[in-house]
>>> print(open('target.cif').read())   # mmCIF, C-alpha atoms
data_coords
#
loop_
_atom_site.label_atom_id
_atom_site.label_comp_id
_atom_site.auth_asym_id
_atom_site.auth_seq_id
_atom_site.Cartn_x
_atom_site.Cartn_y
_atom_site.Cartn_z
CA MET A 1 -0.16 12.51 -103.33
CA LYS A 2 0.14 11.38 -99.74
CA LEU A 3 2.89 12.91 -97.60
CA VAL A 4 3.60 11.28 -94.23
CA VAL A 5 5.20 12.86 -91.14
CA PRO A 6 6.13 10.18 -88.56
CA ARG A 7 7.10 10.80 -84.96
CA GLU A 8 10.88 10.69 -84.44
CA LEU A 9 11.96 7.67 -82.40
CA TYR A 10 15.62 8.20 -81.53
CA GLU A 11 16.59 9.23 -78.03
CA ASN A 12 17.35 12.95 -77.60
CA GLU A 13 15.45 13.80 -80.80
CA SER A 14 12.69 16.35 -80.22
CA ARG A 15 12.41 17.75 -83.74
CA VAL A 16 9.65 17.10 -86.25
CA SER A 17 10.21 17.10 -90.01
CA ILE A 18 7.21 19.21 -91.04
CA THR A 19 5.76 22.03 -88.94
CA PRO A 20 2.14 23.26 -89.06
CA ASP A 21 3.01 26.54 -90.83
CA ILE A 22 4.37 24.55 -93.80
CA VAL A 23 1.27 22.34 -94.25
CA PRO A 24 -0.84 24.87 -96.27
CA SER A 25 1.98 25.25 -98.81
CA LEU A 26 2.24 21.47 -99.16
CA ILE A 27 -1.51 21.24 -99.74
CA LYS A 28 -1.23 23.87 -102.50
CA MET A 29 1.45 21.71 -104.12
CA GLY A 30 -1.05 18.84 -104.29
CA PHE A 31 -0.17 16.85 -101.17
CA LYS A 32 -2.48 15.34 -98.60
CA VAL A 33 -0.53 15.64 -95.37
CA PHE A 34 -0.79 12.90 -92.70
CA VAL A 35 0.94 13.44 -89.36
CA GLN A 36 1.45 10.79 -86.70
CA SER A 37 -0.26 11.68 -83.45
CA ASN A 38 1.99 13.73 -81.12
CA ALA A 39 4.77 13.91 -83.74
CA GLY A 40 5.25 17.62 -83.05
CA LEU A 41 4.90 17.72 -79.27
CA GLY A 42 8.66 17.73 -78.64
CA SER A 43 8.80 20.94 -80.66
CA SER A 44 5.70 22.46 -79.02
CA TYR A 45 3.44 21.78 -82.03
CA THR A 46 0.18 20.06 -81.06
CA ASP A 47 -2.08 17.78 -83.09
CA GLU A 48 -4.62 20.61 -83.01
CA ASP A 49 -2.08 22.94 -84.65
CA TYR A 50 -1.68 20.47 -87.50
CA LYS A 51 -5.43 19.98 -87.88
CA LYS A 52 -5.99 23.74 -88.13
CA SER A 53 -3.38 23.84 -90.88
CA GLY A 54 -5.18 21.17 -92.89
CA ALA A 55 -3.28 18.00 -91.97
CA ALA A 56 -4.86 14.70 -90.98
CA ILE A 57 -3.76 13.06 -87.71
CA SER A 58 -3.23 9.32 -87.48
CA SER A 59 -2.32 7.24 -84.43
CA LYS A 60 -2.14 3.88 -86.25
CA LEU A 61 1.06 3.23 -88.17
CA ASN A 62 -0.57 0.97 -90.75
CA GLU A 63 -3.04 3.70 -91.54
CA LEU A 64 -0.36 6.41 -91.49
CA TYR A 65 2.00 4.71 -93.96
CA SER A 66 -0.65 3.08 -96.18
CA LYS A 67 -0.22 4.18 -99.84
CA ALA A 68 2.33 6.86 -98.82
CA ASP A 69 4.11 8.66 -101.67
CA LEU A 70 6.53 10.68 -99.55
CA VAL A 71 7.78 10.02 -96.02
CA ILE A 72 9.62 12.94 -94.41
CA LYS A 73 11.82 12.28 -91.37
CA VAL A 74 14.53 14.19 -89.53
CA GLN A 75 16.48 11.08 -88.51
CA ARG A 76 17.04 7.86 -90.44
CA PRO A 77 14.48 5.05 -89.90
CA SER A 78 15.04 2.75 -86.95
CA LYS A 79 14.03 -0.51 -85.33
CA HIS A 80 12.94 1.07 -82.09
CA LYS A 81 11.52 -1.16 -79.34
CA GLN A 82 8.23 -2.45 -80.80
CA THR A 83 8.33 -0.16 -83.84
CA ASP A 84 10.23 -1.34 -86.91
CA GLU A 85 9.96 1.60 -89.30
CA PHE A 86 11.58 -0.33 -92.15
CA LYS A 87 8.61 -2.67 -92.54
CA PHE A 88 6.27 0.28 -93.19
CA LEU A 89 8.39 1.78 -95.99
CA LYS A 90 6.94 0.45 -99.26
CA ASN A 91 6.79 1.99 -102.73
CA CYS A 92 7.53 5.48 -101.44
CA ASN A 93 10.11 8.26 -101.43
CA LEU A 94 11.94 8.81 -98.14
CA ILE A 95 13.51 12.20 -97.38
CA THR A 96 15.76 12.30 -94.31
CA LEU A 97 19.21 12.88 -92.83
CA LEU A 98 20.91 9.54 -93.44
CA TYR A 99 24.75 9.66 -93.16
CA GLU A 100 25.15 6.30 -94.88
CA GLN A 101 28.89 6.12 -94.25
CA LYS A 102 28.31 6.28 -90.48
CA PHE A 103 25.05 4.31 -90.24
CA LYS A 104 25.87 1.49 -92.62
CA THR A 105 23.39 -1.04 -91.17
CA GLU A 106 20.40 1.25 -91.71
CA PHE A 107 21.64 2.19 -95.18
CA SER A 108 22.01 -1.47 -96.10
CA SER A 109 18.45 -2.17 -94.93
CA LEU A 110 17.07 0.72 -96.97
CA LYS A 111 18.82 -0.45 -100.13
CA LYS A 112 16.82 -3.70 -99.96
CA LEU A 113 13.47 -1.91 -100.02
CA ASN A 114 11.43 -0.83 -103.04
CA ILE A 115 11.83 2.86 -102.25
CA ASN A 116 13.83 5.94 -103.19
CA VAL A 117 15.91 7.56 -100.46
CA PHE A 118 17.01 11.20 -100.48
CA ALA A 119 19.80 12.02 -98.01
CA LEU A 120 19.53 15.72 -97.20
CA GLU A 121 23.12 15.96 -95.95
CA LYS A 122 24.17 15.34 -99.57
CA MET A 123 22.70 18.65 -100.75
CA PRO A 124 25.22 20.20 -103.17
CA ARG A 125 26.84 23.45 -102.11
CA ILE A 126 25.56 25.61 -104.95
CA SER A 127 23.91 29.00 -104.60
CA ARG A 128 20.41 27.92 -105.68
CA ALA A 129 20.42 25.06 -103.15
CA GLN A 130 21.15 27.28 -100.14
CA SER A 131 17.46 27.44 -99.21
CA MET A 132 17.39 23.61 -99.14
CA ASP A 133 20.58 23.19 -97.10
CA VAL A 134 19.52 21.38 -93.93
CA LEU A 135 23.08 21.04 -92.62
CA SER A 136 23.52 24.80 -92.67
CA SER A 137 20.22 25.61 -91.00
CA GLN A 138 20.80 23.08 -88.23
CA SER A 139 24.49 23.93 -87.79
CA ASN A 140 23.58 27.57 -87.36
CA LEU A 141 21.52 26.69 -84.29
CA SER A 142 24.22 24.30 -83.04
CA GLY A 143 26.77 27.12 -83.03
CA TYR A 144 24.42 29.36 -81.07
CA LYS A 145 23.51 26.68 -78.52
CA ALA A 146 27.15 25.62 -78.04
CA VAL A 147 28.02 29.08 -76.72
CA ILE A 148 24.90 29.28 -74.55
CA ASP A 149 25.74 25.89 -73.01
CA ALA A 150 29.36 26.92 -72.51
CA ALA A 151 28.23 30.08 -70.72
CA SER A 152 26.05 28.03 -68.37
CA LEU A 153 28.97 25.71 -67.50
CA PHE A 154 31.59 28.45 -67.18
CA ASN A 155 31.91 29.77 -63.62
CA LYS A 156 32.68 33.34 -64.64
CA ALA A 157 30.78 36.05 -66.53
CA PHE A 158 31.19 36.59 -70.27
CA PRO A 159 31.21 40.40 -70.64
CA LEU A 160 33.52 43.06 -69.25
CA MET A 161 31.88 44.56 -66.17
CA MET A 162 32.95 47.74 -64.40
CA THR A 163 31.61 47.71 -60.85
CA SER A 164 32.26 49.64 -57.64
CA ALA A 165 33.69 46.42 -56.23
CA GLY A 166 36.14 46.02 -59.08
CA THR A 167 36.40 45.04 -62.74
CA VAL A 168 35.28 41.70 -64.17
CA ALA A 169 37.44 40.75 -67.14
CA PRO A 170 35.68 39.44 -70.27
CA ALA A 171 35.82 35.75 -71.12
CA LYS A 172 38.16 34.70 -73.91
CA VAL A 173 36.58 32.38 -76.48
CA LEU A 174 38.33 30.46 -79.26
CA VAL A 175 36.22 29.01 -82.07
CA ILE A 176 37.94 26.36 -84.16
CA GLY A 177 36.33 26.02 -87.58
CA ALA A 178 34.64 29.04 -89.18
CA GLY A 179 31.87 27.28 -91.09
CA VAL A 180 28.18 27.93 -90.45
CA ALA A 181 28.26 26.66 -86.84
CA GLY A 182 31.54 28.39 -86.11
CA LEU A 183 30.44 31.76 -87.44
CA GLN A 184 27.23 31.63 -85.41
CA ALA A 185 29.26 30.66 -82.32
CA ILE A 186 31.48 33.70 -82.92
CA ALA A 187 28.48 36.00 -83.32
CA THR A 188 26.79 34.65 -80.17
CA ALA A 189 29.95 34.89 -78.05
CA LYS A 190 30.48 38.47 -79.21
CA ARG A 191 26.89 39.37 -78.32
CA LEU A 192 27.51 37.99 -74.83
CA GLY A 193 30.52 40.28 -74.51
CA ALA A 194 33.42 37.83 -74.87
CA VAL A 195 36.74 38.51 -76.57
CA VAL A 196 36.67 36.09 -79.50
CA SER A 197 39.29 34.61 -81.79
CA SER A 198 38.88 31.95 -84.46
CA PHE A 199 41.01 29.45 -86.35
CA ASP A 200 40.26 27.80 -89.70
CA VAL A 201 42.45 26.08 -92.28
CA ARG A 202 40.54 27.93 -95.01
CA ALA A 203 42.13 31.32 -95.63
CA SER A 204 38.91 32.48 -97.30
CA THR A 205 37.08 32.57 -93.94
CA LYS A 206 39.32 35.36 -92.58
CA GLU A 207 37.12 38.17 -93.87
CA GLN A 208 33.93 36.57 -92.46
CA VAL A 209 35.52 36.05 -89.04
CA GLU A 210 36.81 39.61 -88.86
CA SER A 211 33.46 41.04 -90.03
CA LEU A 212 31.93 39.57 -86.86
CA GLY A 213 34.49 41.32 -84.69
CA ALA A 214 36.71 38.33 -83.93
CA LYS A 215 40.45 37.95 -84.39
CA PHE A 216 41.46 35.46 -87.09
CA ILE A 217 44.47 33.29 -86.29
CA GLN A 218 46.03 31.24 -89.07
CA VAL A 219 48.99 29.13 -90.04
CA GLN A 220 51.17 30.92 -92.55
CA GLU A 221 51.32 28.44 -95.42
CA LYS A 222 51.80 29.68 -98.96
CA GLY A 223 50.00 28.22 -101.95
CA ASP A 224 47.26 26.26 -100.14
CA SER A 225 43.74 27.63 -99.68
CA GLY A 226 42.84 24.83 -97.23
CA GLU A 227 39.55 24.01 -98.93
CA THR A 228 38.08 21.68 -101.52
CA ALA A 229 36.38 22.80 -104.72
CA ALA A 230 33.05 22.39 -102.89
CA GLY A 231 34.15 24.83 -100.19
CA TYR A 232 34.74 22.31 -97.38
CA ALA A 233 37.88 22.14 -95.27
CA LYS A 234 40.35 19.55 -96.51
CA GLU A 235 42.96 17.43 -94.76
CA MET A 236 46.25 19.31 -94.60
CA SER A 237 49.88 18.24 -94.97
CA ALA A 238 51.97 16.87 -92.09
CA ASN A 239 54.06 20.07 -92.08
CA TYR A 240 50.92 22.21 -91.85
CA LYS A 241 49.53 20.08 -89.01
CA LYS A 242 52.75 20.54 -87.06
CA LYS A 243 52.51 24.34 -87.38
CA GLN A 244 48.80 24.20 -86.61
CA ALA A 245 49.38 22.26 -83.37
CA LYS A 246 51.94 24.84 -82.19
CA LEU A 247 49.61 27.73 -83.02
CA LEU A 248 46.64 26.15 -81.21
CA GLU A 249 48.80 25.21 -78.23
CA ASP A 250 49.87 28.83 -77.82
CA SER A 251 46.31 30.14 -78.24
CA ILE A 252 44.55 27.66 -75.96
CA THR A 253 46.64 28.50 -72.89
CA LYS A 254 45.12 32.01 -72.96
CA THR A 255 41.54 30.83 -73.60
CA ASP A 256 38.62 30.25 -71.23
CA ILE A 257 36.20 28.58 -73.65
CA VAL A 258 36.86 26.62 -76.83
CA VAL A 259 34.14 25.69 -79.33
CA THR A 260 35.31 23.19 -81.95
CA THR A 261 33.40 22.55 -85.18
CA ALA A 262 36.04 21.10 -87.54
CA LEU A 263 34.87 18.30 -89.84
CA ILE A 264 36.23 16.75 -93.03
CA PRO A 265 33.45 15.25 -95.22
CA GLY A 266 33.57 11.46 -95.35
CA LYS A 267 36.31 11.18 -92.69
CA PRO A 268 36.54 11.13 -88.89
CA ALA A 269 36.82 14.55 -87.27
CA PRO A 270 40.44 15.77 -87.13
CA LYS A 271 42.07 15.63 -83.70
CA LEU A 272 43.16 19.21 -83.04
CA ILE A 273 43.26 19.48 -79.23
CA THR A 274 45.54 17.07 -77.39
CA LYS A 275 45.43 16.03 -73.76
CA LYS A 276 48.54 18.14 -73.20
CA MET A 277 46.74 21.21 -74.61
CA VAL A 278 43.76 20.63 -72.32
CA GLU A 279 46.06 20.42 -69.32
CA SER A 280 47.66 23.74 -70.30
CA MET A 281 44.29 25.54 -70.15
CA LYS A 282 43.16 27.58 -67.18
CA VAL A 283 41.35 25.81 -64.36
CA GLY A 284 37.59 26.08 -64.97
CA SER A 285 37.93 26.23 -68.76
CA VAL A 286 35.27 24.64 -70.98
CA ILE A 287 35.52 22.89 -74.36
CA ILE A 288 32.35 22.30 -76.39
CA ASP A 289 33.20 19.77 -79.11
CA LEU A 290 30.55 19.94 -81.84
CA ALA A 291 32.42 17.27 -83.81
CA SER A 292 31.95 14.69 -81.04
CA GLU A 293 29.50 12.55 -83.02
CA PHE A 294 32.19 12.01 -85.63
CA GLY A 295 35.03 11.25 -83.23
CA GLY A 296 35.62 14.72 -81.80
CA ASN A 297 38.25 17.41 -82.32
CA CYS A 298 39.58 16.93 -78.79
CA GLU A 299 41.50 13.83 -77.74
CA LEU A 300 39.50 13.59 -74.49
CA THR A 301 36.00 14.05 -75.95
CA LYS A 302 33.36 11.41 -75.28
CA HIS A 303 30.17 11.78 -77.31
CA GLY A 304 27.15 12.39 -75.12
CA GLU A 305 29.24 12.98 -72.00
CA VAL A 306 30.85 15.79 -70.00
CA VAL A 307 34.42 14.81 -69.17
CA ASP A 308 36.01 16.56 -66.20
CA HIS A 309 39.79 16.45 -66.67
CA LYS A 310 41.87 18.27 -64.05
CA SER A 311 39.07 20.84 -63.47
CA LYS A 312 38.50 21.47 -67.17
CA LYS A 313 35.22 20.37 -68.76
CA ILE A 314 35.13 18.74 -72.21
CA VAL A 315 31.57 18.45 -73.52
CA GLY A 316 30.56 16.05 -76.31
CA PRO A 317 27.03 17.33 -76.95
CA THR A 318 24.27 15.13 -78.35
CA ASN A 319 22.09 16.68 -81.05
CA LEU A 320 22.21 20.36 -80.12
CA PRO A 321 19.61 21.40 -82.74
CA SER A 322 17.11 19.21 -80.91
CA THR A 323 17.56 21.31 -77.77
CA VAL A 324 16.09 24.28 -79.65
CA SER A 325 13.62 22.05 -81.47
CA GLN A 326 10.88 24.57 -82.17
CA ASP A 327 13.15 26.70 -84.34
CA SER A 328 15.25 23.86 -85.76
CA SER A 329 12.09 21.98 -86.83
CA ARG A 330 10.71 25.07 -88.53
CA LEU A 331 13.95 25.61 -90.47
CA PHE A 332 14.20 21.91 -91.36
CA ALA A 333 10.63 21.95 -92.68
CA LYS A 334 11.35 25.06 -94.75
CA ASN A 335 14.41 23.38 -96.26
CA VAL A 336 12.31 20.33 -97.17
CA ILE A 337 9.53 22.31 -98.84
CA ASN A 338 12.10 24.27 -100.86
CA PHE A 339 13.57 20.94 -101.98
CA LEU A 340 10.13 19.76 -103.10
CA MET A 341 9.33 23.08 -104.80
CA ASN A 342 12.49 22.64 -106.84
CA SER A 343 10.72 19.78 -108.67
CA CYS A 344 7.33 21.48 -109.04
CA GLU A 345 5.79 22.47 -112.36
CA SER A 346 3.25 25.29 -112.28
CA GLY A 347 3.27 25.04 -108.48
CA LYS A 348 2.27 21.36 -108.41
CA PHE A 349 4.37 18.32 -107.49
CA SER A 350 3.99 15.09 -109.48
CA ASP A 351 7.49 13.59 -109.35
CA PHE A 352 11.07 14.58 -108.73
CA ASN A 353 12.96 16.33 -111.51
CA TRP A 354 15.47 13.55 -112.09
CA ALA A 355 17.51 15.66 -114.51
CA ASP A 356 18.25 18.22 -111.78
CA GLU A 357 21.60 17.95 -109.97
CA VAL A 358 20.00 18.70 -106.59
CA VAL A 359 17.82 15.61 -106.98
CA LYS A 360 20.58 13.43 -108.44
CA GLU A 361 23.11 14.36 -105.73
CA THR A 362 20.76 13.70 -102.81
CA CYS A 363 19.21 10.45 -104.10
CA VAL A 364 21.33 7.66 -102.57
CA VAL A 365 18.85 4.81 -103.20
CA GLN A 366 16.73 4.65 -106.35
CA ASN A 367 14.78 1.40 -106.40
CA LEU A 368 11.35 2.67 -107.41
CA LYS A 369 10.51 2.07 -111.05
CA LYS A 370 9.40 5.23 -112.84
#
>>> encode(input="target.cif", output="structure tokens")
Amino acid sequence: MKLVVPRELYENESRVSITPDIVPSLIKMGFKVFVQSNAGLGSSYTDEDYKKSGAAISSKLNELYSKADLVIKVQRPSKHKQTDEFKFLKNCNLITLLYEQKFKTEFSSLKKLNINVFALEKMPRISRAQSMDVLSSQSNLSGYKAVIDAASLFNKAFPLMMTSAGTVAPAKVLVIGAGVAGLQAIATAKRLGAVVSSFDVRASTKEQVESLGAKFIQVQEKGDSGETAAGYAKEMSANYKKKQAKLLEDSITKTDIVVTTALIPGKPAPKLITKKMVESMKVGSVIIDLASEFGGNCELTKHGEVVDHKSKKIVGPTNLPSTVSQDSSRLFAKNVINFLMNSCESGKFSDFNWADEVVKETCVVQNLKK
């Protein structure tokens, strides 16, 4: 079977879907791996690295996609300048991050093709699928990088410092949303020496937050766990939101850096930080809004921009995992191979196990005839 690894075309995307260390395992599974020339350069993986691992390198797209069985991409296909990826997708299985509710035009185009499409963001949250969970692996790095970027923008030091010239007080960091990204942000901020607190609507995250050495702040609301059956945060009642706003308003005035990660699946990001709250923060404070791509948790966030409002910076970062592309690509590739292994029999891949819920949940287009 032929497995194709194209070069990513979107701006600010440096990742590659399959890394050289994964190629030998794919070959053992029965794949012939074809990589587009320079596909891995943005992640510091050269064509020579791929060749040594057993992959073939192709610079011509017709040759690359010809008779492909699987096409693995980080980002959804695009019509980019002179390259229309959609016209090369024929009679194959596409594995990618799709977000069909946000990118409806691309999803509509894919539905018209004779292909199967697997959207990795649809991976079910079950224990045996954790090793295939791309969102978690990439969010983990986003949480780390958010704090590193905040530290570089903040004009004070993070840790407590006792010097002969005086004492430097530690930075105070608030992390809103204690999912994968939030927990990594907490851990990173603590390692840098900050005093960290965290808010989440899900009461179940309290123990995880406190195990990392942060203070958990929560709205006292009886009888509501704040999460769906799948473990995601859910939209709360109007009464809860009112209490939440007051709690955050009180907390933010004492905070130097805020990292927001709150998302509700299938809906725009909840607005948790108002303009008034931003104005109440200390001069020089920084907000890193990881939900910016989905509307942002802060009222003033602009995706892909740094907004300076009354000497406070609100950052709407673009694709943070791509800024640590060597590691994020390696983790993405590992998630993909675990997904493929899930359908292997005796170590070999011949087709997807269509009876398996992992396959059924992620397949959003099934146009190929079996």
>>> atom_distance(input="target.cif", atom1="CA of Thr253 in chain A", atom2="CA of Val173 in chain A")
11.4 Å
>>> closest_residue(input="target.cif", among="A:Phe34, A:Phe158, A:Phe294, A:Tyr10", to="Asp47 in chain A", atoms="only C-alpha atoms")
A:Phe34
>>> atom_distance(input="target.cif", atom1="CA of Met162 in chain A", atom2="CA of Ser197 in chain A")
22.7 Å
>>> closest_residue(input="target.cif", among="A:Ser108, A:Lys102, A:Leu340, A:Val307", to="Glu293 in chain A", atoms="all atoms listed in the file")
A:Lys102
>>> closest_residue(input="target.cif", among="A:Lys334, A:Lys348, A:Lys112, A:Lys369", to="Lys28 in chain A", atoms="all atoms listed in the file")
A:Lys348
>>> residues_near_point(input="target.cif", point="(9.5, 21.7, -102.2)", cutoff="12 Å", atoms="only C-alpha atoms", output="ChimeraX atom specification")
/A:3,18,22-23,25-31,70,72,95,129,131-132,332-345,347-353,358-359
>>> atom_distance(input="target.cif", atom1="CA of Ala203 in chain A", atom2="CA of Leu247 in chain A")
15.1 Å
>>> closest_residue(input="target.cif", among="A:Asp49, A:Asp69, A:Asp200, A:Asp256", to="Val283 in chain A", atoms="only C-alpha atoms")
A:Asp256
>>> resolve_selection(input="target.cif", expression="the PyMOL selection byres ((chain A and resi 134-147) around 7)", output="PyMOL selection string")
chain A and resi 120-121+132-133+148-151+180-182+184-185+188-189+288+320-321+328+331-332+335
>>> resolve_selection(input="target.cif", expression="the PyMOL selection byres ((chain A and resi 73) around 7)", output="ChimeraX atom specification")
/A:5-6,17,71-72,74-76,95-96
>>> residues_near_point(input="target.cif", point="(42.5, 28.6, -71.5)", cutoff="6 Å", atoms="only C-alpha atoms", output="list in words")
Ile252, Thr253, Lys254, Thr255, Asp256, Met281, Lys282 and Ser285 of chain A
>>> resolve_selection(input="target.cif", expression="the PyMOL selection byres ((chain A and resi 366) around 7)", output="MDAnalysis selection string")
chainID A and resid 115:117 363:365 367:368
>>> closest_residue(input="target.cif", among="A:Asp356, A:Asp21, A:Glu11, A:Glu249", to="Ser329 in chain A", atoms="only C-alpha atoms")
A:Asp21
